[in-house]
Structure formats: structure tokens, C-alpha cells
file coords.csv (CSV, C-alpha atoms)
chain,number,residue,atom,x,y,z
F,2,MET,CA,1.1,-10.6,-26.1
F,3,GLU,CA,-2.0,-10.3,-28.3
F,4,TRP,CA,-5.3,-11.2,-26.6
F,5,LEU,CA,-8.2,-12.9,-28.4
F,6,LYS,CA,-10.8,-10.7,-29.8
F,7,GLU,CA,-13.4,-12.2,-27.4
F,8,HIS,CA,-11.2,-11.5,-24.4
F,9,LYS,CA,-10.7,-7.9,-25.4
F,10,GLU,CA,-14.4,-7.4,-25.9
F,11,ASN,CA,-15.2,-8.9,-22.5
F,12,ALA,CA,-12.5,-6.7,-21.0
F,13,ARG,CA,-13.9,-3.6,-22.7
F,14,LYS,CA,-17.4,-4.2,-21.4
F,15,PHE,CA,-16.2,-5.0,-17.8
F,16,SER,CA,-13.9,-2.0,-17.8
F,17,ALA,CA,-16.8,0.2,-18.7
F,18,ALA,CA,-18.9,-1.4,-16.0
F,19,LEU,CA,-16.2,-0.8,-13.4
F,20,LYS,CA,-16.0,2.9,-14.4
F,21,LYS,CA,-19.8,3.1,-14.2
F,22,GLU,CA,-19.8,1.7,-10.7
F,23,GLY,CA,-17.3,4.5,-9.7
F,24,PHE,CA,-14.0,2.6,-9.7
F,25,ASN,CA,-11.2,5.0,-10.5
F,26,PHE,CA,-8.0,3.6,-9.1
F,27,PHE,CA,-6.4,0.4,-10.3
F,28,THR,CA,-3.2,-1.4,-9.3
F,29,GLY,CA,-2.0,-4.9,-9.2
F,30,VAL,CA,0.4,-7.6,-10.3
F,31,PRO,CA,-0.2,-9.2,-13.7
F,32,CYS,CA,-2.0,-12.6,-14.3
F,33,SER,CA,-2.5,-14.0,-17.8
F,34,LEU,CA,-6.1,-14.7,-17.0
F,35,LEU,CA,-6.6,-11.0,-16.5
F,36,GLY,CA,-4.4,-10.0,-19.5
F,37,ALA,CA,-7.0,-8.2,-21.7
F,38,LEU,CA,-8.5,-6.4,-18.7
F,39,ILE,CA,-5.2,-5.0,-17.5
F,40,GLU,CA,-4.4,-3.9,-21.1
F,41,ASP,CA,-7.7,-2.2,-21.3
F,42,LEU,CA,-7.3,-0.4,-18.0
F,43,SER,CA,-3.8,0.6,-18.8
F,44,LYS,CA,-4.6,2.3,-22.0
F,45,LYS,CA,-7.3,4.5,-20.5
F,46,LYS,CA,-6.6,8.2,-20.4
F,47,GLY,CA,-5.2,9.4,-17.2
F,48,ALA,CA,-3.2,6.2,-16.7
F,49,CYS,CA,-5.2,4.9,-13.8
F,50,TYR,CA,-3.6,1.4,-13.6
F,51,ILE,CA,-0.5,1.6,-11.4
F,52,PRO,CA,1.7,-1.5,-11.7
F,53,ALA,CA,2.8,-2.9,-8.3
F,54,VAL,CA,5.7,-5.2,-7.7
F,55,ARG,CA,4.0,-7.4,-5.1
F,56,GLU,CA,0.4,-8.1,-4.2
F,57,ASP,CA,0.6,-6.9,-0.6
F,58,ALA,CA,2.1,-3.6,-1.8
F,59,ALA,CA,-0.8,-3.3,-4.3
F,60,PHE,CA,-3.3,-3.6,-1.5
F,61,GLY,CA,-1.4,-0.9,0.5
F,62,THR,CA,-1.4,1.5,-2.4
F,63,ALA,CA,-5.1,0.9,-3.2
F,64,GLY,CA,-5.9,1.5,0.5
F,65,GLY,CA,-4.0,4.8,0.5
F,66,ALA,CA,-5.9,5.9,-2.6
F,67,TYR,CA,-9.2,5.0,-0.8
F,68,LEU,CA,-8.2,7.1,2.2
F,69,ALA,CA,-7.7,10.0,-0.2
F,70,GLY,CA,-11.2,9.5,-1.7
F,71,LYS,CA,-10.7,7.1,-4.6
F,72,LEU,CA,-12.6,3.8,-5.2
F,73,PRO,CA,-9.9,1.2,-5.8
F,74,ALA,CA,-9.6,-2.2,-7.4
F,75,VAL,CA,-6.6,-4.6,-7.1
F,76,LEU,CA,-5.9,-7.0,-9.9
F,77,ILE,CA,-3.9,-10.1,-8.9
F,78,GLN,CA,-3.4,-13.8,-9.5
F,79,ASN,CA,-4.7,-16.1,-6.6
F,80,SER,CA,-1.0,-17.1,-6.1
F,81,GLY,CA,-0.5,-13.6,-4.7
F,82,LEU,CA,-3.2,-14.0,-2.1
F,83,GLY,CA,-0.7,-15.5,0.3
F,84,TYR,CA,1.4,-12.4,0.3
F,85,SER,CA,-1.7,-10.3,0.6
F,86,LEU,CA,-3.3,-11.9,3.6
F,87,ASN,CA,-1.4,-9.9,6.2
F,88,VAL,CA,-2.5,-6.6,4.6
F,89,LEU,CA,-6.1,-7.8,4.1
F,90,THR,CA,-6.4,-8.9,7.7
F,91,SER,CA,-4.3,-6.2,9.6
F,92,PHE,CA,-5.1,-3.3,7.3
F,93,ASN,CA,-8.2,-3.6,5.1
F,94,LEU,CA,-10.4,-5.5,7.5
F,95,ILE,CA,-9.6,-3.8,10.8
F,96,TYR,CA,-9.3,-0.2,9.4
F,97,LYS,CA,-12.5,-0.7,7.3
F,98,ILE,CA,-10.8,0.0,4.0
F,99,PRO,CA,-12.8,-1.6,1.2
F,100,VAL,CA,-11.2,-2.7,-2.0
F,101,LEU,CA,-12.4,-4.7,-5.0
F,102,CYS,CA,-10.1,-7.7,-5.5
F,103,ILE,CA,-10.2,-9.0,-9.1
F,104,VAL,CA,-8.4,-12.3,-8.8
F,105,GLY,CA,-7.2,-14.6,-11.6
F,106,PHE,CA,-8.3,-18.1,-10.7
F,107,ARG,CA,-5.5,-20.4,-11.5
F,108,GLY,CA,-5.7,-24.0,-10.3
F,109,HIS,CA,-9.5,-24.1,-10.8
F,110,GLY,CA,-9.5,-27.5,-12.5
F,111,PRO,CA,-6.4,-29.0,-14.1
F,112,ASP,CA,-3.4,-26.6,-14.1
F,113,ALA,CA,0.3,-26.4,-13.5
F,114,PRO,CA,1.4,-28.0,-10.2
F,115,GLU,CA,2.3,-24.7,-8.5
F,116,HIS,CA,-1.3,-23.5,-8.8
F,117,LEU,CA,-3.1,-26.5,-7.4
F,118,VAL,CA,-2.9,-26.0,-3.6
F,119,MET,CA,-3.9,-22.3,-3.8
F,120,GLY,CA,-6.5,-23.1,-6.4
F,121,LYS,CA,-8.2,-25.6,-4.2
F,122,SER,CA,-8.0,-23.4,-1.0
F,123,CYS,CA,-8.2,-19.8,-1.9
F,124,LEU,CA,-12.0,-19.3,-1.6
F,125,LYS,CA,-12.0,-21.1,1.8
F,126,ILE,CA,-9.0,-19.0,3.0
F,127,LEU,CA,-10.8,-15.7,2.2
F,128,GLU,CA,-14.1,-17.1,3.7
F,129,ASP,CA,-12.2,-18.0,6.9
F,130,VAL,CA,-10.9,-14.4,7.4
F,131,GLY,CA,-14.3,-13.0,6.5
F,132,ILE,CA,-13.9,-11.7,2.9
F,133,GLY,CA,-16.8,-12.4,0.5
F,134,THR,CA,-16.1,-14.0,-2.8
F,135,MET,CA,-17.9,-14.8,-6.1
F,136,VAL,CA,-16.8,-16.8,-9.1
F,137,PRO,CA,-19.0,-15.4,-11.9
F,138,GLU,CA,-19.4,-16.6,-15.5
F,139,LYS,CA,-18.8,-14.2,-18.3
F,140,GLU,CA,-22.6,-13.5,-18.3
F,141,THR,CA,-22.8,-12.7,-14.6
F,142,LEU,CA,-19.8,-10.4,-14.2
F,143,ASN,CA,-22.0,-7.4,-13.7
F,144,GLU,CA,-24.0,-9.1,-11.0
F,145,ALA,CA,-20.8,-9.9,-9.2
F,146,LEU,CA,-19.7,-6.4,-9.5
F,147,ALA,CA,-22.9,-5.0,-8.1
F,148,ARG,CA,-22.7,-7.4,-5.1
F,149,ALA,CA,-19.0,-6.4,-4.5
F,150,LYS,CA,-19.9,-2.7,-4.6
F,151,LYS,CA,-22.8,-3.3,-2.1
F,152,VAL,CA,-20.5,-5.1,0.4
F,153,MET,CA,-17.8,-2.4,-0.1
F,154,THR,CA,-20.2,0.4,0.5
F,155,GLU,CA,-22.3,-1.0,3.3
F,156,LYS,CA,-19.7,-3.0,5.2
F,157,LYS,CA,-16.6,-1.1,4.2
F,158,GLU,CA,-14.9,-4.5,3.5
F,159,PRO,CA,-12.9,-6.0,0.6
F,160,PHE,CA,-14.7,-8.3,-1.8
F,161,ALA,CA,-13.1,-10.7,-4.2
F,162,ILE,CA,-14.3,-11.6,-7.7
F,163,PHE,CA,-12.5,-14.6,-9.0
F,164,ILE,CA,-12.0,-14.7,-12.8
F,165,LYS,CA,-11.9,-18.1,-14.5
F,166,LYS,CA,-9.8,-19.0,-17.5
F,167,GLY,CA,-11.2,-17.8,-20.8
F,168,ILE,CA,-12.9,-14.6,-19.8
F,169,PHE,CA,-10.1,-12.0,-20.1
F,170,GLY,CA,-7.3,-14.3,-21.1
F,171,ALA,CA,-6.1,-17.9,-21.0
X,24,MET,CA,20.1,11.6,18.6
X,25,THR,CA,17.2,9.5,20.0
X,26,SER,CA,14.1,8.8,17.9
X,27,LYS,CA,12.1,11.0,20.2
X,28,LYS,CA,14.5,13.9,19.5
X,29,ALA,CA,14.3,13.2,15.8
X,30,LEU,CA,10.5,13.1,15.8
X,31,GLU,CA,10.4,16.5,17.7
X,32,ILE,CA,12.6,18.0,15.0
X,33,ILE,CA,10.7,16.5,12.1
X,34,PHE,CA,7.3,17.6,13.4
X,35,SER,CA,8.5,21.1,14.0
X,36,PHE,CA,8.7,21.4,10.2
X,37,ILE,CA,5.4,19.7,9.4
X,38,LYS,CA,2.3,21.8,9.1
X,39,LYS,CA,-0.9,20.3,7.6
X,40,GLU,CA,0.9,17.5,5.7
X,41,ALA,CA,-0.4,13.9,6.0
X,42,VAL,CA,2.1,11.6,7.7
X,43,ILE,CA,1.7,7.8,7.4
X,44,HIS,CA,3.5,5.9,10.1
X,45,ALA,CA,5.1,2.5,10.0
X,46,THR,CA,4.0,-0.1,12.5
X,47,GLY,CA,6.0,-0.6,15.8
X,48,TYR,CA,7.5,2.0,18.0
X,49,ILE,CA,7.5,4.7,15.4
X,50,CYS,CA,3.7,5.0,15.7
X,51,ARG,CA,3.8,5.0,19.4
X,52,ALA,CA,6.6,7.5,19.7
X,53,SER,CA,4.9,9.8,17.3
X,54,GLN,CA,1.6,9.6,19.2
X,55,ALA,CA,3.5,10.6,22.3
X,56,VAL,CA,5.4,13.5,20.6
X,57,LYS,CA,2.7,14.9,18.4
X,58,ASP,CA,-0.6,13.3,18.0
X,59,ARG,CA,-2.7,14.9,15.2
X,60,PRO,CA,-5.5,13.8,12.9
X,61,GLU,CA,-3.2,14.0,9.9
X,62,ASN,CA,-1.2,11.1,11.4
X,63,PHE,CA,-2.1,7.7,10.0
X,64,TYR,CA,-0.9,5.0,12.5
X,65,MET,CA,-0.4,1.7,10.7
X,66,ILE,CA,-0.5,-0.7,13.7
X,67,GLY,CA,-0.2,-3.9,11.6
X,68,SER,CA,1.0,-4.8,8.1
X,69,MET,CA,4.7,-4.2,8.6
X,70,GLY,CA,6.4,-2.7,5.6
X,71,ILE,CA,3.3,-1.4,3.9
X,72,ALA,CA,3.2,2.2,5.1
X,73,SER,CA,5.3,3.4,2.1
X,74,SER,CA,2.8,1.7,-0.3
X,75,ILE,CA,-0.1,3.3,1.5
X,76,THR,CA,1.7,6.6,1.2
X,77,LEU,CA,2.2,6.1,-2.5
X,78,GLY,CA,-1.6,5.6,-2.9
X,79,VAL,CA,-2.3,8.8,-1.0
X,80,ALA,CA,0.3,10.7,-3.0
X,81,ILE,CA,-1.0,9.6,-6.4
X,82,ALA,CA,-4.6,10.5,-5.4
X,83,LYS,CA,-3.5,13.9,-3.9
X,84,PRO,CA,-0.8,15.1,-6.3
X,85,LYS,CA,-0.9,18.7,-5.1
X,86,GLN,CA,-0.1,17.8,-1.4
X,87,LYS,CA,3.2,16.7,0.0
X,88,VAL,CA,2.7,13.3,1.6
X,89,ILE,CA,5.1,12.0,4.2
X,90,VAL,CA,5.9,8.4,5.3
X,91,LEU,CA,7.7,7.9,8.6
X,92,ASP,CA,9.2,4.5,8.1
X,93,GLY,CA,11.5,2.1,9.9
X,94,ASP,CA,14.7,0.3,8.8
X,95,GLY,CA,13.1,-3.1,9.2
X,96,ALA,CA,10.0,-2.0,7.4
X,97,VAL,CA,12.0,-0.7,4.4
X,98,LEU,CA,13.9,-3.9,4.2
X,99,MET,CA,10.6,-5.9,4.3
X,100,ASN,CA,9.0,-3.9,1.4
X,101,MET,CA,12.1,-2.8,-0.6
X,102,GLY,CA,10.0,-3.2,-3.8
X,103,SER,CA,8.1,-0.1,-2.7
X,104,LEU,CA,11.3,2.0,-3.2
X,105,ALA,CA,11.5,0.8,-6.8
X,106,THR,CA,7.8,1.6,-7.4
X,107,ILE,CA,8.0,5.1,-5.9
X,108,GLY,CA,11.3,5.8,-7.7
X,109,ALA,CA,10.1,4.5,-11.1
X,110,LEU,CA,6.9,6.5,-10.9
X,111,ARG,CA,9.0,9.6,-9.9
X,112,GLN,CA,6.3,10.5,-7.4
X,113,LYS,CA,7.1,14.1,-6.9
X,114,ASN,CA,5.1,14.8,-3.8
X,115,LEU,CA,6.3,11.8,-1.7
X,116,VAL,CA,8.7,12.3,1.2
X,117,HIS,CA,10.2,9.1,2.7
X,118,VAL,CA,11.7,9.6,6.1
X,119,VAL,CA,13.3,6.5,7.7
X,120,LEU,CA,14.1,6.4,11.4
X,121,ASP,CA,17.0,3.9,11.4
X,122,ASN,CA,17.8,2.4,14.8
X,123,GLU,CA,19.4,-0.7,13.1
X,124,SER,CA,17.0,-2.9,14.9
X,125,TYR,CA,13.5,-4.4,15.4
X,126,GLU,CA,13.1,-2.4,18.7
X,127,SER,CA,9.4,-3.3,19.5
X,128,THR,CA,10.1,-7.0,19.4
X,129,GLY,CA,13.2,-6.9,21.6
X,130,SER,CA,15.8,-4.9,19.7
X,131,GLN,CA,17.0,-7.8,17.4
X,132,PRO,CA,19.5,-6.3,14.9
X,133,SER,CA,18.3,-5.5,11.3
X,134,LEU,CA,20.8,-5.3,8.4
X,135,THR,CA,21.2,-1.5,8.3
X,136,HIS,CA,24.5,-1.5,10.2
X,137,ILE,CA,25.9,-3.0,6.9
X,138,ILE,CA,23.3,-2.0,4.2
X,139,HIS,CA,23.0,1.6,3.2
X,140,LEU,CA,19.3,2.3,2.5
X,141,GLU,CA,19.9,5.8,1.3
X,142,LYS,CA,22.1,4.4,-1.6
X,143,ILE,CA,19.3,1.9,-2.4
X,144,ALA,CA,16.8,4.7,-2.6
X,145,LYS,CA,19.1,6.7,-4.9
X,146,ALA,CA,19.6,3.7,-7.1
X,147,SER,CA,15.8,3.2,-7.1
X,148,GLY,CA,15.2,6.6,-8.7
X,149,TYR,CA,14.6,8.9,-5.7
X,150,VAL,CA,15.7,12.3,-6.9
X,151,PHE,CA,16.9,13.3,-3.4
X,152,SER,CA,18.5,11.0,-0.9
X,153,LYS,CA,20.5,11.7,2.1
X,154,LYS,CA,21.7,10.3,5.4
X,155,VAL,CA,21.8,12.4,8.6
X,156,THR,CA,23.1,11.6,12.0
X,157,LYS,CA,23.0,15.0,13.9
X,158,PRO,CA,20.0,17.3,14.8
X,159,ALA,CA,21.4,20.2,12.8
X,160,GLU,CA,21.8,18.1,9.7
X,161,LEU,CA,18.2,16.8,10.2
X,162,LYS,CA,16.9,20.4,10.4
X,163,ASN,CA,18.6,21.4,7.2
X,164,ALA,CA,17.5,18.3,5.4
X,165,MET,CA,13.8,18.8,6.5
X,166,LYS,CA,13.9,22.4,5.2
X,167,THR,CA,15.1,21.2,1.8
X,168,LEU,CA,13.0,18.1,1.2
X,169,LEU,CA,9.7,19.8,2.0
X,170,LYS,CA,10.4,22.4,-0.6
X,171,LYS,CA,11.9,20.3,-3.4
X,172,ASN,CA,10.3,18.0,-5.9
X,173,GLY,CA,10.7,14.4,-4.9
X,174,PRO,CA,10.5,11.5,-4.4
X,175,ALA,CA,12.8,12.4,-1.5
X,176,PHE,CA,14.4,9.9,0.9
X,177,LEU,CA,15.9,10.8,4.2
X,178,LEU,CA,17.7,8.3,6.4
X,179,VAL,CA,17.9,9.4,10.0
X,180,LYS,CA,20.3,7.4,12.1
X,181,VAL,CA,18.8,7.3,15.6
X,182,ALA,CA,19.8,5.7,18.9
X,183,LYS,CA,17.4,3.6,20.9
X,184,ASP,CA,15.5,5.6,23.5
X,185,ASN,CA,16.3,3.3,26.4
X,186,ASN,CA,13.2,4.4,28.3
X,187,ALA,CA,9.9,2.6,28.9
X,188,PRO,CA,8.0,1.9,25.7
X,189,TYR,CA,5.5,4.6,24.7
X,190,PRO,CA,1.8,3.7,25.2
X,191,ARG,CA,0.0,1.8,22.4
X,192,ILE,CA,-2.1,3.7,19.9
X,193,THR,CA,-5.2,4.8,21.7
X,194,ALA,CA,-7.6,5.4,18.7
X,195,THR,CA,-9.2,2.3,17.1
X,196,PRO,CA,-8.1,1.5,13.5
X,197,GLU,CA,-11.6,2.6,12.3
X,198,GLU,CA,-11.2,5.9,14.1
X,199,ILE,CA,-7.8,6.4,12.6
X,200,THR,CA,-9.3,5.8,9.1
X,201,GLU,CA,-12.1,8.3,9.7
X,202,ARG,CA,-10.1,11.1,11.2
X,203,PHE,CA,-7.3,10.8,8.7
X,204,SER,CA,-9.5,10.7,5.5
X,205,ARG,CA,-11.4,13.7,6.8
X,206,CYS,CA,-8.1,15.7,6.7
X,207,LEU,CA,-7.3,14.9,3.1

call {"tool": "encode", "arguments": {"input": "coords.csv", "output": "C-alpha cells"}}
result
Amino acid sequence: MEWLKEHKENARKFSAALKKEGFNFFTGVPCSLLGALIEDLSKKKGACYIPAVREDAAFGTAGGAYLAGKLPAVLIQNSGLGYSLNVLTSFNLIYKIPVLCIVGFRGHGPDAPEHLVMGKSCLKILEDVGIGTMVPEKETLNEALARAKKVMTEKKEPFAIFIKKGIFGA
Amino acid sequence: MTSKKALEIIFSFIKKEAVIHATGYICRASQAVKDRPENFYMIGSMGIASSITLGVAIAKPKQKVIVLDGDGAVLMNMGSLATIGALRQKNLVHVVLDNESYESTGSQPSLTHIIHLEKIAKASGYVFSKKVTKPAELKNAMKTLLKKNGPAFLLVKVAKDNNAPYPRITATPEEITERFSRCL
């Protein structure tokens, strides 16, 4: 699929910001809202985006990379948060394994029926288990990233940045 | 061969390699047989030990990285076999202690008395895949797979131990993270 020029440009900038903050290991399961970002990370030299087959496995692989000295980010759709919850709660949170979650925010406003329940509840679910979240605009992506990095470094916990429709894809 | 016997043989071949353990009795038996800082005990997140191992293996391509998995755990995260196989992760060694049951929850049967995990691993792209049932076969297999390029898969058929359960993992999860990452 060809992404819009604007989405590609946003992705290029955010990808550079991720690199600047020290993120050097990316894995996940695709979401169209993250399309241009996944494409940008995949074409980087050294192939640092590892495709996973399920979201919980992606968090496992990212955690392994962290144990071995990498700073990881996982890119998923919010529909995959259900699968991920066991790993986030019985691996990441208790073992103090930080990870940046970049989450495509489906069901934020009108969307297909399968996204509405998770769309309405996902922020609350993460808040309930003690994982911080932000839903930035295009202009405040870097602020969200700085906040995420701070939580990851100081508290050794995961942090989720929810990506709305129209930033890296539609 | 009991799982304790199998673990004693396996650890007699392991030197400084990182070993990531699946949740359940595998962690606990391993702690009893050979507790070492290079052991990562996954006490939750059933099925995910092989995914964690993949992350370590990608980040440390020059070290052999071993996962000690269970039959139930492999069945739960079978997609991990496809991922490891497709990536042709050379330095990953996948050892499965197969007791055909969920022993820590009361020995309910799994599916591996019917399903052959070593064939699934082979079909998923592991370059080496073997099933062993006897101690001598396990010794030979361990020699081979620590030398060869992987990904390698070894299914070790084990009998239930039939003794009292081994003690729970004594280190806290945070301590496990700290001591394990220091070894890598």
C-alpha cells in the first residue's frame, strides 16, 4: 500500500526522534494507522523491525532484547492489547522490563464494530493495571516520546503512546 | 527419563550460555538442579519464554541462547516457532521437556501424545529438529546442537517426577532481571 506523503513525512520525523531517544529494537504486528511508521522503520539499515505474529509474542521478544541491552518499542493495534495484557502484567510490570508501546488507536470515534469496545476501554484498562498512556496530536508526538522515555528510565515500566487516525496512516 | 535426569544431562553440557525457562515446574526443577545467574526464570506469561529468547538471540548474535520450554507452552505460542524458523535465528537452541501434560496444575493432559512438536518445528524452518527419549540420545543431541548453526529444536520426552513439587523460585522477578542482564 502507498501511504500519503504527509503520513510518510510524519513517520520519517518520528522515526528519527525514536532513534535520537535511543530506541534501537522494534517489533510488532501491523496496524494501518501505523502503516507509514512501520514502513519507515523496516527500511532502515540493519533491519531493526522484527515482524511478530501476535502481540504478546512481540512484547516477549522486545523484553528479551531489553534484557540484552537494547531499548525496545512494540508497534501494535489496540485490538492486540487483550492478547498482550498477560505479558504486560506478569512479565513487563513485575520483572521491571520497560518497553515503549506505540498503539494504533482504532475505535476512537466512529469505526468498524469490532473496534468499538476496545476503543472505548483500552486507556482505562492500561490505567487499571498501572501503565501510563498518552494520546498525542501530530504536533505533540515528541513530548509524548519524552514522557515515555522518562517513565521507562525512572520507573522501569512500559508506557503507551496511542496513535490516532491520520498521523501515520488511515 | 525423569525431567530432573534430563535437566542434569542438559546442564552438564551448558557453560556460560543464557538459558530462558518456561513457567511452571521447568523453572522450579531447574532451580533445584542448577541455579545460576544465567538462568532466566519466567514465572508468569505461559508460552512466552521462546519469544523472550528470540529477543535475546537477536540482540546477542554471537552467543548461543537456549530456551527450556514445555509442551504446553509450545502449544500455547506455536507462532513463535514460525517466527524463529522464518528468521533462521542461527544462535537459538529450543529444548522442550515434553511430559505430555500440564504438570504444575494437576497433570492434565496436553496434546503431545498425539501431536509431534519436532515435526512442527522442522516444518516451521528449524534447521535441526530431533526427538529423544533416552539419556544417551539426549547427550549426543546436546553435543551436536550446541556446536551447529540453528535454529535447533530438541524434543525431550520425559516422565513425571512423581515426587513432591520443587520449591518455588526464590529470587524476586526484579532480582532475576538484574542478575540475568548482568551476565549478557

call {"tool": "interface_residues", "arguments": {"input": "coords.csv", "of": "chain X", "to": "chain F", "cutoff": "10 Å", "atoms": "only C-alpha atoms", "output": "PyMOL selection string"}}
result
chain X and resi 43+63+65-83+100-103+105-107+110+195-201+203-207

call {"tool": "residues_near_point", "arguments": {"input": "coords.csv", "point": "(17.9, -2.7, 5.4)", "cutoff": "10 Å", "atoms": "all atoms listed in the file", "output": "number ranges by chain"}}
result
X: 93-101, 121, 123-124, 133-141, 143

call {"tool": "closest_residue", "arguments": {"input": "coords.csv", "among": "X:Lys171, X:Lys39, X:Lys142, X:Lys153", "to": "Asn114 of chain X", "atoms": "only C-alpha atoms"}}
result
X:Lys171

call {"tool": "residues_around", "arguments": {"input": "coords.csv", "residues": "segment 79-81 of chain F", "least_positions_apart": "5", "cutoff": "6 Å", "atoms": "only C-alpha atoms", "output": "list in words"}}
result
Glu56, Val104, Gly105 and Phe106 of chain F

call {"tool": "atom_distance", "arguments": {"input": "coords.csv", "atom1": "atom CA of Ala29 of chain X", "atom2": "atom CA of Arg111 of chain X"}}
result
26.5 Å

call {"tool": "closest_residue", "arguments": {"input": "coords.csv", "among": "X:Thr46, X:Thr128, X:Thr25, X:Gln54", "to": "Val90 of chain X", "atoms": "all atoms listed in the file"}}
result
X:Thr46

call {"tool": "closest_residue", "arguments": {"input": "coords.csv", "among": "X:Arg191, X:Lys87, X:Lys162, X:Lys28", "to": "Cys50 of chain X", "atoms": "only C-alpha atoms"}}
result
X:Arg191

call {"tool": "atom_distance", "arguments": {"input": "coords.csv", "atom1": "atom CA of Glu61 of chain X", "atom2": "atom CA of Phe36 of chain X"}}
result
14.0 Å

call {"tool": "closest_residue", "arguments": {"input": "coords.csv", "among": "F:Cys123, F:Ile168, F:Ala74, F:Leu5", "to": "Leu142 of chain F", "atoms": "all atoms listed in the file"}}
result
F:Ile168

call {"tool": "closest_residue", "arguments": {"input": "coords.csv", "among": "F:Gly29, F:Pro114, F:Pro159, F:Gly120", "to": "Ser43 of chain F", "atoms": "all atoms listed in the file"}}
result
F:Gly29

call {"tool": "atom_distance", "arguments": {"input": "coords.csv", "atom1": "atom CA of Val179 of chain X", "atom2": "atom CA of Ala41 of chain X"}}
result
19.3 Å

call {"tool": "residues_around", "arguments": {"input": "coords.csv", "residues": "Leu19 of chain F", "least_positions_apart": "6", "cutoff": "12 Å", "atoms": "all atoms listed in the file", "output": "ChimeraX atom specification"}}
result
/F:12-13,25-27,38,41-42,72-74,101,103,142-147,149-150

call {"tool": "write_last_selection", "arguments": {"input": "coords.csv", "atoms": "C-alpha atoms", "output": "mmCIF file, in the frame of the given file"}}
result
data_model
loop_
_atom_site.group_PDB
_atom_site.id
_atom_site.type_symbol
_atom_site.label_atom_id
_atom_site.label_comp_id
_atom_site.auth_asym_id
_atom_site.auth_seq_id
_atom_site.Cartn_x
_atom_site.Cartn_y
_atom_site.Cartn_z
ATOM 1 C CA ALA F 12 -12.500 -6.700 -21.000
ATOM 2 C CA ARG F 13 -13.900 -3.600 -22.700
ATOM 3 C CA ASN F 25 -11.200 5.000 -10.500
ATOM 4 C CA PHE F 26 -8.000 3.600 -9.100
ATOM 5 C CA PHE F 27 -6.400 0.400 -10.300
ATOM 6 C CA LEU F 38 -8.500 -6.400 -18.700
ATOM 7 C CA ASP F 41 -7.700 -2.200 -21.300
ATOM 8 C CA LEU F 42 -7.300 -0.400 -18.000
ATOM 9 C CA LEU F 72 -12.600 3.800 -5.200
ATOM 10 C CA PRO F 73 -9.900 1.200 -5.800
ATOM 11 C CA ALA F 74 -9.600 -2.200 -7.400
ATOM 12 C CA LEU F 101 -12.400 -4.700 -5.000
ATOM 13 C CA ILE F 103 -10.200 -9.000 -9.100
ATOM 14 C CA LEU F 142 -19.800 -10.400 -14.200
ATOM 15 C CA ASN F 143 -22.000 -7.400 -13.700
ATOM 16 C CA GLU F 144 -24.000 -9.100 -11.000
ATOM 17 C CA ALA F 145 -20.800 -9.900 -9.200
ATOM 18 C CA LEU F 146 -19.700 -6.400 -9.500
ATOM 19 C CA ALA F 147 -22.900 -5.000 -8.100
ATOM 20 C CA ALA F 149 -19.000 -6.400 -4.500
ATOM 21 C CA LYS F 150 -19.900 -2.700 -4.600
#

call {"tool": "closest_residue", "arguments": {"input": "coords.csv", "among": "F:Leu34, F:Lys125, F:Pro137, F:Leu76", "to": "Arg107 of chain F", "atoms": "all atoms listed in the file"}}
result
F:Leu34

call {"tool": "residues_near_point", "arguments": {"input": "coords.csv", "point": "(14.0, 2.2, -8.9)", "cutoff": "8 Å", "atoms": "all atoms listed in the file", "output": "list in words"}}
result
Leu104, Ala105, Thr106, Ile107, Gly108, Ala109, Ala144, Lys145, Ala146, Ser147, Gly148 and Tyr149 of chain X

call {"tool": "build_atoms", "arguments": {"input": "coords.csv", "residues": "segment 63-74 of chain X", "atoms": "N, CA and C atoms", "output": "PDB file, in the frame of the given file"}}
result
ATOM      1  N   PHE X  63      -1.495   9.027  10.205  1.00  0.00           N
ATOM      2  CA  PHE X  63      -2.100   7.700  10.000  1.00  0.00           C
ATOM      3  C   PHE X  63      -1.164   6.696  10.697  1.00  0.00           C
ATOM      4  N   TYR X  64      -1.674   6.034  11.738  1.00  0.00           N
ATOM      5  CA  TYR X  64      -0.900   5.000  12.500  1.00  0.00           C
ATOM      6  C   TYR X  64      -1.166   3.645  11.923  1.00  0.00           C
ATOM      7  N   MET X  65      -0.201   3.042  11.236  1.00  0.00           N
ATOM      8  CA  MET X  65      -0.400   1.700  10.700  1.00  0.00           C
ATOM      9  C   MET X  65       0.083   0.725  11.831  1.00  0.00           C
ATOM     10  N   ILE X  66      -0.891   0.097  12.528  1.00  0.00           N
ATOM     11  CA  ILE X  66      -0.500  -0.700  13.700  1.00  0.00           C
ATOM     12  C   ILE X  66      -0.190  -2.181  13.261  1.00  0.00           C
ATOM     13  N   GLY X  67      -0.554  -2.565  12.044  1.00  0.00           N
ATOM     14  CA  GLY X  67      -0.200  -3.900  11.600  1.00  0.00           C
ATOM     15  C   GLY X  67       0.556  -3.813  10.275  1.00  0.00           C
ATOM     16  N   SER X  68       0.465  -4.828   9.443  1.00  0.00           N
ATOM     17  CA  SER X  68       1.000  -4.800   8.100  1.00  0.00           C
ATOM     18  C   SER X  68       2.385  -4.159   7.973  1.00  0.00           C
ATOM     19  N   MET X  69       3.365  -4.762   8.654  1.00  0.00           N
ATOM     20  CA  MET X  69       4.700  -4.200   8.600  1.00  0.00           C
ATOM     21  C   MET X  69       5.219  -4.079   7.182  1.00  0.00           C
ATOM     22  N   GLY X  70       5.834  -2.941   6.916  1.00  0.00           N
ATOM     23  CA  GLY X  70       6.400  -2.700   5.600  1.00  0.00           C
ATOM     24  C   GLY X  70       5.549  -1.936   4.652  1.00  0.00           C
ATOM     25  N   ILE X  71       4.246  -1.884   4.936  1.00  0.00           N
ATOM     26  CA  ILE X  71       3.300  -1.400   3.900  1.00  0.00           C
ATOM     27  C   ILE X  71       3.015   0.072   3.972  1.00  0.00           C
ATOM     28  N   ALA X  72       3.516   0.754   5.004  1.00  0.00           N
ATOM     29  CA  ALA X  72       3.200   2.200   5.100  1.00  0.00           C
ATOM     30  C   ALA X  72       3.659   2.988   3.906  1.00  0.00           C
ATOM     31  N   SER X  73       4.790   2.633   3.325  1.00  0.00           N
ATOM     32  CA  SER X  73       5.300   3.400   2.100  1.00  0.00           C
ATOM     33  C   SER X  73       4.338   3.140   0.942  1.00  0.00           C
ATOM     34  N   SER X  74       3.764   1.947   0.842  1.00  0.00           N
ATOM     35  CA  SER X  74       2.800   1.700  -0.300  1.00  0.00           C
ATOM     36  C   SER X  74       1.531   2.439  -0.064  1.00  0.00           C
TER      37      SER X  74
END
